[in-house]
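*Asks:* Next up, upload-v4.cif (mmCIF, C-alpha atoms and all ligand atoms).
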data_start
loop_
_atom_site.label_atom_id
_atom_site.label_comp_id
_atom_site.auth_asym_id
_atom_site.auth_seq_id
_atom_site.Cartn_x
_atom_site.Cartn_y
_atom_site.Cartn_z
CA MET A 1 17.50 27.15 17.68
CA ARG A 2 14.65 24.67 17.10
CA GLY A 3 13.16 23.96 13.67
CA VAL A 4 9.90 25.60 14.67
CA ASP A 5 11.64 29.02 14.92
CA LEU A 6 14.59 28.53 12.58
CA TYR A 7 13.10 29.44 9.22
CA ASP A 8 11.83 32.79 10.55
CA ASP A 9 15.39 33.80 11.48
CA PRO A 10 16.37 36.32 8.76
CA ALA A 11 20.07 35.36 8.57
CA PHE A 12 19.31 31.64 8.39
CA LEU A 13 16.56 32.18 5.84
CA THR A 14 18.80 34.22 3.55
CA GLY A 15 21.32 31.35 3.44
CA TYR A 16 18.67 28.67 2.99
CA ARG A 17 16.89 30.57 0.20
CA GLU A 18 20.17 31.16 -1.62
CA LEU A 19 20.88 27.41 -1.51
CA ARG A 20 17.42 26.56 -2.85
CA ARG A 21 17.47 29.27 -5.50
CA GLU A 22 20.71 27.94 -6.94
CA LYS A 23 19.10 24.47 -7.14
CA ARG A 24 22.43 22.89 -6.25
CA GLY A 25 21.51 21.33 -2.93
CA LEU A 26 20.33 17.86 -1.98
CA ASN A 27 16.70 18.88 -2.30
CA ASP A 28 16.76 19.39 -6.04
CA GLU A 29 19.40 16.83 -6.96
CA LEU A 30 18.26 13.92 -4.79
CA GLU A 31 15.23 14.45 -2.57
CA ILE A 32 12.67 15.75 -5.07
CA PRO A 33 13.23 12.96 -7.65
CA ALA A 34 13.40 10.23 -4.97
CA MET A 35 10.18 11.46 -3.34
CA ALA A 36 8.43 11.61 -6.72
CA GLY A 37 9.38 7.98 -7.32
CA LEU A 38 7.89 6.82 -4.00
CA LEU A 39 4.55 8.61 -4.05
CA PRO A 40 1.39 6.70 -4.96
CA ALA A 41 -0.90 8.04 -7.72
CA VAL A 42 -2.35 11.16 -6.08
CA ASP A 43 -5.30 11.90 -8.36
CA GLY A 44 -8.34 12.74 -6.28
CA LEU A 45 -6.56 12.24 -2.95
CA ARG A 46 -6.79 14.49 0.11
CA VAL A 47 -3.20 15.27 1.07
CA ILE A 48 -1.39 16.90 4.00
CA ASP A 49 2.20 18.17 3.57
CA LEU A 50 3.94 18.47 6.97
CA GLY A 51 6.62 21.17 7.00
CA CYS A 52 5.62 22.29 3.50
CA GLY A 53 7.96 25.30 3.38
CA GLU A 54 7.24 27.35 0.28
CA GLY A 55 4.80 24.76 -1.02
CA GLY A 56 6.80 23.24 -3.90
CA LEU A 57 5.70 19.66 -3.18
CA ALA A 58 2.13 20.66 -2.31
CA VAL A 59 1.71 22.35 -5.68
CA ARG A 60 3.40 19.52 -7.59
CA LEU A 61 0.88 17.12 -6.02
CA ALA A 62 -2.07 19.35 -6.92
CA GLU A 63 -0.78 19.58 -10.49
CA ALA A 64 0.16 15.92 -10.95
CA GLU A 65 -0.69 14.24 -14.24
CA ALA A 66 -4.25 13.01 -14.73
CA GLY A 67 -5.86 15.58 -12.49
CA GLY A 68 -3.74 15.84 -9.38
CA ALA A 69 -4.71 15.72 -5.71
CA ALA A 70 -8.25 16.83 -4.85
CA GLU A 71 -6.92 19.08 -2.08
CA VAL A 72 -3.61 19.66 -0.37
CA LEU A 73 -3.11 21.29 3.02
CA GLY A 74 0.44 22.54 3.56
CA VAL A 75 1.39 22.98 7.22
CA ASP A 76 4.45 24.89 8.37
CA ALA A 77 5.58 26.80 11.46
CA SER A 78 7.37 29.54 9.56
CA ALA A 79 5.48 32.69 8.64
CA ALA A 80 8.34 33.67 6.32
CA MET A 81 8.19 30.38 4.39
CA LEU A 82 4.39 30.51 4.11
CA ALA A 83 4.52 34.14 2.96
CA ARG A 84 6.41 32.87 -0.12
CA ALA A 85 4.23 29.81 -0.57
CA VAL A 86 2.99 29.24 -4.10
CA ALA A 87 -0.73 29.82 -4.61
CA HIS A 88 -2.87 27.12 -6.23
CA PRO A 89 -6.66 26.71 -6.24
CA ARG A 90 -6.48 23.27 -4.58
CA VAL A 91 -3.73 24.08 -2.07
CA ARG A 92 -4.32 25.71 1.32
CA TYR A 93 -1.66 26.63 3.83
CA GLN A 94 -1.82 26.71 7.61
CA ARG A 95 0.72 28.01 10.08
CA ALA A 96 1.11 25.46 12.87
CA ASP A 97 3.70 23.59 14.92
CA LEU A 98 3.88 19.92 13.95
CA ALA A 99 4.27 19.15 17.66
CA ASP A 100 0.58 19.86 18.30
CA PHE A 101 -1.12 20.22 14.91
CA GLU A 102 -4.43 18.34 14.80
CA LEU A 103 -6.82 17.04 12.14
CA PRO A 104 -10.10 15.08 12.29
CA ALA A 105 -9.73 11.30 12.40
CA ALA A 106 -9.74 9.43 9.08
CA SER A 107 -9.87 12.66 7.06
CA VAL A 108 -6.89 12.30 4.67
CA ASP A 109 -5.59 9.76 2.14
CA LEU A 110 -1.91 10.71 2.01
CA VAL A 111 0.46 12.43 4.45
CA VAL A 112 3.75 13.62 2.95
CA SER A 113 6.73 15.41 4.44
CA SER A 114 10.02 16.52 2.89
CA LEU A 115 13.01 17.07 5.15
CA ALA A 116 11.03 18.40 8.14
CA LEU A 117 10.45 15.49 10.55
CA HIS A 118 14.02 15.49 11.92
CA TYR A 119 12.98 18.76 13.60
CA VAL A 120 10.22 16.94 15.55
CA GLU A 121 11.26 15.75 18.99
CA ASP A 122 8.55 13.15 19.65
CA PHE A 123 8.35 11.04 16.49
CA GLU A 124 6.36 8.29 18.22
CA GLU A 125 3.61 10.72 19.15
CA LEU A 126 3.58 12.32 15.69
CA VAL A 127 3.28 8.95 13.93
CA GLY A 128 0.34 8.11 16.23
CA ARG A 129 -1.42 11.31 15.12
CA VAL A 130 -0.65 10.66 11.44
CA ALA A 131 -2.11 7.14 11.74
CA ALA A 132 -5.29 8.61 13.26
CA TRP A 133 -5.69 11.22 10.46
CA LEU A 134 -5.37 8.65 7.67
CA VAL A 135 -8.17 6.55 6.24
CA PRO A 136 -7.60 2.76 6.22
CA SER A 137 -4.94 1.92 3.57
CA GLY A 138 -3.80 5.58 3.64
CA TRP A 139 -0.20 6.48 2.81
CA PHE A 140 2.59 8.17 4.78
CA VAL A 141 5.58 9.07 2.60
CA PHE A 142 8.43 11.17 3.99
CA SER A 143 12.08 12.06 3.78
CA VAL A 144 14.41 12.98 6.65
CA GLU A 145 18.11 13.52 7.07
CA HIS A 146 19.73 10.10 7.23
CA PRO A 147 20.60 8.88 10.74
CA VAL A 148 24.28 8.54 9.81
CA VAL A 149 24.17 12.30 9.24
CA THR A 150 22.15 13.25 12.34
CA ALA A 151 24.33 11.02 14.57
CA PRO A 152 27.41 12.71 16.01
CA LEU A 153 30.75 12.72 14.30
CA VAL A 154 33.89 12.42 16.38
CA GLU A 155 36.96 13.38 14.36
CA GLY A 156 35.07 12.64 11.17
CA THR A 157 33.89 9.20 12.33
CA LEU A 158 30.33 8.18 13.12
CA ASP A 159 29.88 7.90 16.88
CA ASP A 160 27.15 7.25 19.49
CA TYR A 161 24.73 6.05 16.80
CA ALA A 162 22.39 4.46 19.34
CA ASP A 163 22.26 7.55 21.54
CA GLU A 164 19.02 9.12 20.25
CA GLY A 165 17.90 12.68 20.89
CA PRO A 166 18.74 16.31 20.10
CA ARG A 167 21.90 17.23 18.20
CA GLN A 168 23.08 20.77 17.72
CA ARG A 169 24.74 21.70 14.43
CA THR A 170 25.71 25.02 12.88
CA TRP A 171 23.92 25.75 9.61
CA PHE A 172 24.16 29.12 7.87
CA GLY A 173 25.83 30.47 11.00
CA ARG A 174 22.99 29.46 13.32
CA PRO A 175 22.88 26.76 15.98
CA VAL A 176 20.24 24.30 14.74
CA VAL A 177 18.67 21.48 16.75
CA LYS A 178 17.73 18.29 14.90
CA TYR A 179 16.62 15.01 16.45
CA HIS A 180 18.62 11.86 15.82
CA ARG A 181 16.80 8.53 15.63
CA THR A 182 18.22 5.26 14.43
CA LEU A 183 16.90 3.69 11.26
CA ALA A 184 15.49 0.83 13.33
CA THR A 185 13.59 3.25 15.60
CA THR A 186 12.05 5.09 12.64
CA LEU A 187 10.86 1.90 10.95
CA ALA A 188 9.72 0.13 14.13
CA THR A 189 7.74 3.22 15.20
CA LEU A 190 5.80 3.09 11.93
CA GLN A 191 5.10 -0.61 12.35
CA ARG A 192 3.91 -0.11 15.95
CA HIS A 193 1.28 2.31 14.67
CA GLY A 194 -0.16 -0.07 12.07
CA PHE A 195 1.93 0.88 9.01
CA SER A 196 3.48 -1.63 6.66
CA LEU A 197 6.64 -0.54 4.89
CA GLN A 198 6.26 -0.15 1.13
CA ALA A 199 9.76 1.19 0.38
CA VAL A 200 12.86 2.42 2.20
CA GLN A 201 15.46 4.33 0.20
CA GLU A 202 18.88 5.85 0.84
CA PRO A 203 19.55 7.73 -2.43
CA LEU A 204 23.08 8.71 -3.43
CA PRO A 205 24.13 11.08 -6.21
CA THR A 206 25.21 9.40 -9.43
CA GLU A 207 28.73 9.82 -10.77
CA ALA A 208 27.30 12.10 -13.46
CA GLN A 209 25.69 14.30 -10.79
CA VAL A 210 28.99 14.52 -8.91
CA ALA A 211 30.81 15.42 -12.14
CA ALA A 212 28.30 18.23 -12.72
CA HIS A 213 28.19 19.31 -9.05
CA PRO A 214 31.49 18.34 -7.32
CA HIS A 215 30.23 19.50 -3.90
CA LEU A 216 27.91 16.44 -3.93
CA ALA A 217 30.91 14.02 -3.78
CA ILE A 218 30.67 13.65 0.02
CA HIS A 219 27.16 12.24 -0.40
CA ARG A 220 28.45 9.23 -2.35
CA ARG A 221 30.47 8.26 0.75
CA ARG A 222 27.53 8.21 3.17
CA PRO A 223 23.81 8.48 2.45
CA PRO A 224 22.47 11.98 3.16
CA LEU A 225 18.77 11.11 3.03
CA LEU A 226 16.33 8.48 4.22
CA LEU A 227 13.01 8.13 2.43
CA VAL A 228 10.19 5.91 3.63
CA SER A 229 6.89 4.97 2.07
CA ALA A 230 4.46 3.32 4.50
CA ARG A 231 0.83 2.28 4.23
CA LEU A 232 -1.73 1.97 6.98
CA ALA A 233 -3.46 -1.38 7.36
CA ALA A 234 -6.73 -1.80 5.43
CA ASN A 235 -8.52 -2.13 8.77
C1 LIG B 1 14.24 21.94 5.01
S1 LIG B 1 12.71 22.84 5.05
C2 LIG B 1 11.77 21.85 3.89
C3 LIG B 1 10.63 22.61 3.27
C4 LIG B 1 9.84 21.82 2.21
N1 LIG B 1 9.26 20.62 2.77
C5 LIG B 1 10.72 21.49 1.05
O1 LIG B 1 11.10 20.33 0.87
O2 LIG B 1 11.04 22.41 0.28
C6 LIG B 1 12.00 22.37 6.62
C7 LIG B 1 10.67 23.03 6.90
O3 LIG B 1 10.14 22.46 8.10
C8 LIG B 1 9.52 23.50 8.84
N2 LIG B 1 9.46 23.10 10.26
C9 LIG B 1 10.50 22.79 11.06
N3 LIG B 1 10.06 22.48 12.30
C10 LIG B 1 8.71 22.61 12.27
C11 LIG B 1 7.68 22.42 13.24
N4 LIG B 1 7.96 22.03 14.48
N5 LIG B 1 6.40 22.63 12.87
C12 LIG B 1 6.10 23.02 11.59
N6 LIG B 1 7.04 23.21 10.62
C13 LIG B 1 8.33 23.00 10.96
C14 LIG B 1 10.39 24.72 8.60
O4 LIG B 1 9.72 25.93 8.89
C15 LIG B 1 10.74 24.53 7.12
O5 LIG B 1 9.82 25.20 6.27
#
As structure tokens, please, write out the structure in this file.
*Replies:*
Amino acid sequence: MRGVDLYDDPAFLTGYRELRREKRGLNDELEIPAMAGLLPAVDGLRVIDLGCGEGGLAVRLAEAEAGGAAEVLGVDASAAMLARAVAHPRVRYQRADLADFELPAASVDLVVSSLALHYVEDFEELVGRVAAWLVPSGWFVFSVEHPVVTAPLVEGTLDDYADEGPRQRTWFGRPVVKYHRTLATTLATLQRHGFSLQAVQEPLPTEAQVAAHPHLAIHRRRPPLLLVSARLAAN
């Protein structure tokens, strides 16, 4: 099942929502704080959130200190996720597939994405579109599953790291397709499209987090997330 359809599958969605409601997953413990630390000041910016889900990040950006983003467009393929999306006067939502979503050239200041781009098959093409949407010096800040997680495991050991492409995993009882790309491919793709890297992070849970949430222990042994902040050239 591809990401574009996955979050409208009722059985999958029930499991995913349960995980998020309990606030015990990687999103709340690691991804949200790491993303917050990488974002530029968003006051007055025009922002797009790719794979916005229920709009948590979109609304946080609109409500940021000192005014917040001027406008945020949250884009997601899932009708079920968007049906739950949080309303805010400066946030709009649009149902679309990231594979062919389009925007006018040079129309946004910041493109963000939390844990959605590993569902996109053609990252090179997507980064080309993102670069076209951004104004000069615009920002692209995103998180994805770390490539040591999307790469295959053979008997518990990382294998075929350089073999990029689709990987099928079972998640909440459903076969889920994610796309594996090496760290070098992700970073080089950004640079090919005119981005300079501002920060690259591989956050791990602290010992205190593991003590409070023992199921996070595995994530101290290998990084679960990759976060990248990149900035388009001034011109
Ligand atoms: C793990 S959820 C993350 C949601 C949100 N960004 C967050 O951090 O709470 C991944 C989201 O990506 C969306 N998604 C996956 N593939 C997509 C695609 N091809 N086009 C648009 N959205 C997609 C899913 O519908 C889902 O809402």
*Asks:* Counting all atoms listed in the file, which of A:Ala34, A:Leu126, A:Leu57, A:Leu39 gets nearest to Phe101 of chain A?
*Replies:*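 For Phe101 of chain A, the nearest of the given residues is A:Leu126.
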*Asks:* Once you count all atoms listed in the file, which residues end up within 10 Å of ligand LIG 1 (chain B), and could you hand them over as a ChimeraX atom specification?
*Replies:* /A:2-8,13,16,20,26-28,31-32,35,49-58,74-82,85,94-101,112-121,142-145,177-178
*Asks:* Using all atoms listed in the file, which of the listed residues (A:His213, A:Arg231, A:Arg222, A:Arg167) sits closest to Phe195 of chain A?
*Replies:* A:Arg231
*Asks:* Quick one, how far is atom CA of His180 of chain A from atom CA of Leu73 of chain A?
*Replies:*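 Computing it gives 26.9 Å between the two atoms.
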*Asks:* Using only C-alpha atoms, determine which residues lie at most 6 Å from segment 60-69 of chain A, disregarding the query and same-chain residues fewer than 2 positions distant; provide the list as a count of residues only.
*Replies:* 7
*Asks:* A:Leu187, A:Leu216, A:Val176, A:Ala151: which is nearest Val228 of chain A, counting all atoms listed in the file?
*Replies:*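 Of A:Leu187, A:Leu216, A:Val176, A:Ala151, the one nearest Val228 of chain A, counting all atoms listed in the file, is A:Leu187.
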*Asks:* Of the candidates A:Glu18, A:Val141, A:Met1, A:Ala208, which shows the shortest atom-to-atom distance to Thr170 of chain A, using only C-alpha atoms?
*Replies:*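 Looking at the shortest contact to Thr170 of chain A, the residue is A:Met1.
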*Asks:* Could you state the separation of atom CA of Ser196 of chain A and atom CA of Leu134 of chain A in Å, given to one decimal place?
*Replies:* 13.6 Å
*Asks:* Atom CA of Arg17 of chain A and atom CA of Trp171 of chain A are how many Å apart?
*Replies:* 12.7 Å
*Asks:* Can you pull out every residue within 12 Å of Thr182 of chain A, counting all atoms listed in the file, but drop anything in the same chain fewer than 4 positions away, and send it as a list of chain:residue names?
*Replies:* A:His118, A:Phe123, A:Val144, A:Glu145, A:His146, A:Pro147, A:Val148, A:Val149, A:Thr150, A:Ala151, A:Pro152, A:Asp160, A:Tyr161, A:Ala162, A:Asp163, A:Glu164, A:Gly165, A:Thr186, A:Leu187, A:Ala188, A:Thr189, A:Leu226
*Asks:* Can you pull out the residues contacting Ala212 of chain A? Cut-off 12 Å, using all atoms listed in the file, and skip same-chain residues under 5 positions away; I want them as a list of chain:residue names.
*Replies:*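 That gives A:Arg24, A:Glu29, A:Pro205, A:Thr206, A:Glu207, A:Ala217.
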*Asks:* Between A:Leu227, A:Val108, A:Ile48, A:Ala199, which is the closest to Val91 of chain A once you count only C-alpha atoms?
*Replies:*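 When distances to Val91 of chain A are compared using only C-alpha atoms, the smallest one comes from A:Ile48.
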*Asks:* Between A:Ala11, A:Arg92, A:Arg181, A:Ala83, single out the one closest to Val47 of chain A, counting all atoms listed in the file.
*Replies:*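 Closest to Val47 of chain A of all the choices is A:Arg92.
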